[in-house]
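Just below is one structure, and these are the notes that go with it.
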Amino acid sequence: TRHLTRCLLIGTLSYNSFLIWWWLLLKDAMPWAAAQMLGIATPFALLVVVLLRGVPTRWRETLASLPFYVGLLVVYNLVINGPSGREMNQTLFIFTWPLMLAFVNTCMKSPLLPALLFNGFALSVIALAVHEAPVSPIVGGLMMTNAIVMAFFSLLASYWLNVEGRRSYLYKLREEVRLASLNSANQDLQILSETDSLTGLANRRQLHLLLEAFW
């Protein structure tokens with residue numbers, strides 16, 4: 001829960017940081033963008049942060065991914081249906097959307113199935129935005145290539161991180177089992193060294209230890 005909470009807060013801060021570029025590139029559309037991003041996407045993400053603590057563990061990953069769906073729909077609406085939706089500067093923001101894919105696939109450490117679902121949804125939204133945006137086929141193709149490559153390599157990185165994490169966990173578990181077995185064997189050896197094998201009573205060695213403890 002702590003990891004997901006931190007990721008959502010960092011993701012929300014990073015998401016809203018692009019308002020600076022709305023102000024620099026499209027000052028007229030800045031109020032519209034701020035209202036959508038700060039009024040819809042951000043409150044929804046903060047609501048999910050609050051709800052994470054009361055949700056069963058198996059549903060937390062799914063719940064934590066929902067703000068990214070909402071955030072992507074919000075920026076789609078901004079770019080395609082915003083006040084300056086037909087301006088080239090506004091469509092440039094489509095190039096930044098694959099950053100969401102990289103964040104979900106790597107920082108969020110999403111399991112494979114939720115990550116694949118989000119990637120499929122995000123690529124579909126990006127493809128629709130490229131189709132609706134006033135860009136040439138070459139620029140649109142570049143946007144889609146950027147998104148697909150980002151999705152592929154971030155999913156691959158997430159897979160290898162998960163594999164390495166599982167491997168490290170298994171190595172740690174094996175070491176703990178080995179130490180536990182070694183401690184158990186040492187205890188058995190100590191008992192054998194301090195008791196008579198026939199009677200099971202304390203032997204001379206244990207008697208000497210007791211005498212040394214008293215004196």
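Chain lettering (A, B, ...) mirrors the order of the structure tokens, residue numbering begins at 1 for each chain separately, and ligand numbering begins at 1 in order of display.
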Contact table stretch 16-105 of chain A vs stretch 117-120 of chain A, cut-off 8 Å, shortest pair per residue, only C-alpha atoms, as a Markdown table:
```
| residue | atom | partner | partner_atom | distance |
| --- | --- | --- | --- | --- |
| A:Ser65 | CA | A:Phe118 | CA | 7.9 |
| A:Tyr69 | CA | A:Phe118 | CA | 7.4 |
| A:Leu101 | CA | A:Asn119 | CA | 6.4 |
```
Wanna dump the stretch 95-210 of chain A-stretch 12-18 of chain A contacts at 12 Å for me, each residue with its shortest atom pair and the distance in Å to one decimal, counting only C-alpha atoms, ordered by chain and number, as a Markdown table?
```
| residue | atom | partner | partner_atom | distance |
| --- | --- | --- | --- | --- |
| A:Thr96 | CA | A:Phe18 | CA | 9.3 |
| A:Trp97 | CA | A:Tyr15 | CA | 9.9 |
| A:Leu99 | CA | A:Tyr15 | CA | 9.6 |
| A:Met100 | CA | A:Tyr15 | CA | 8.8 |
| A:Phe103 | CA | A:Ser14 | CA | 10.3 |
```
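Distances from A:Thr145, A:Ser184, A:Ser158, A:Ser136 to A:Pro111 were compared using only C-alpha atoms, and the smallest one belongs to A:Ser158.
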Can you list, as a PyMOL selection string, all residues belonging to chain A that DSSP tags as alpha helix (DSSP H)?
chain A and resi 2-17+19-25+30-36+42-51+57-81+88-91+98-102+112-132+137-194+204-214
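Between atom CA of A:Leu8 and atom CA of A:Leu63 there is a distance of 10.9 Å.
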Compile the contact shell of stretch 33-41 of chain A as a PyMOL selection string: residues with an atom at most 8 Å away, counting only C-alpha atoms, same-chain residues fewer than 6 positions apart removed.
chain A and resi 16+19+22+67+70-71+74-75+78
With C-alpha atoms kept, could you save the residues just selected as a short mmCIF file (atom, residue, chain, number, x, y, z; two decimals), in the first residue's frame?
```cif
data_model
loop_
_atom_site.label_atom_id
_atom_site.label_comp_id
_atom_site.auth_asym_id
_atom_site.auth_seq_id
_atom_site.Cartn_x
_atom_site.Cartn_y
_atom_site.Cartn_z
CA ASN A 16 0.11 18.27 -13.17
CA LEU A 19 0.38 22.57 -16.79
CA TRP A 22 0.16 24.49 -21.27
CA PRO A 67 -6.38 7.14 -12.01
CA VAL A 70 -8.99 8.77 -16.00
CA GLY A 71 -5.89 10.90 -16.49
CA VAL A 74 -8.77 13.86 -19.42
CA VAL A 75 -5.74 14.77 -21.53
CA LEU A 78 -7.99 18.50 -23.56
#
```
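Separating atom CA of A:Cys7 from atom CA of A:Met108 is a distance of 6.2 Å.
Minimum atom-to-atom distance to A:Leu112, evaluated using only C-alpha atoms, belongs to A:Asn162 out of A:Ser124, A:Asn162, A:Asn81, A:Gln90.
Non-sequential neighbours of A:Ile126 (distance at most 9 Å, separation of 3 or more positions within a chain, only C-alpha atoms) are Tyr76, Ile94, Trp97, Pro98, Phe121, Ala122, Leu123, Ala129, Val130, His131, Met143, Met144 and Ala147 of chain A.
Atom pair atom CA of A:Trp21 / atom CA of A:Leu73 has a distance of 18.6 Å (rounded to one decimal).
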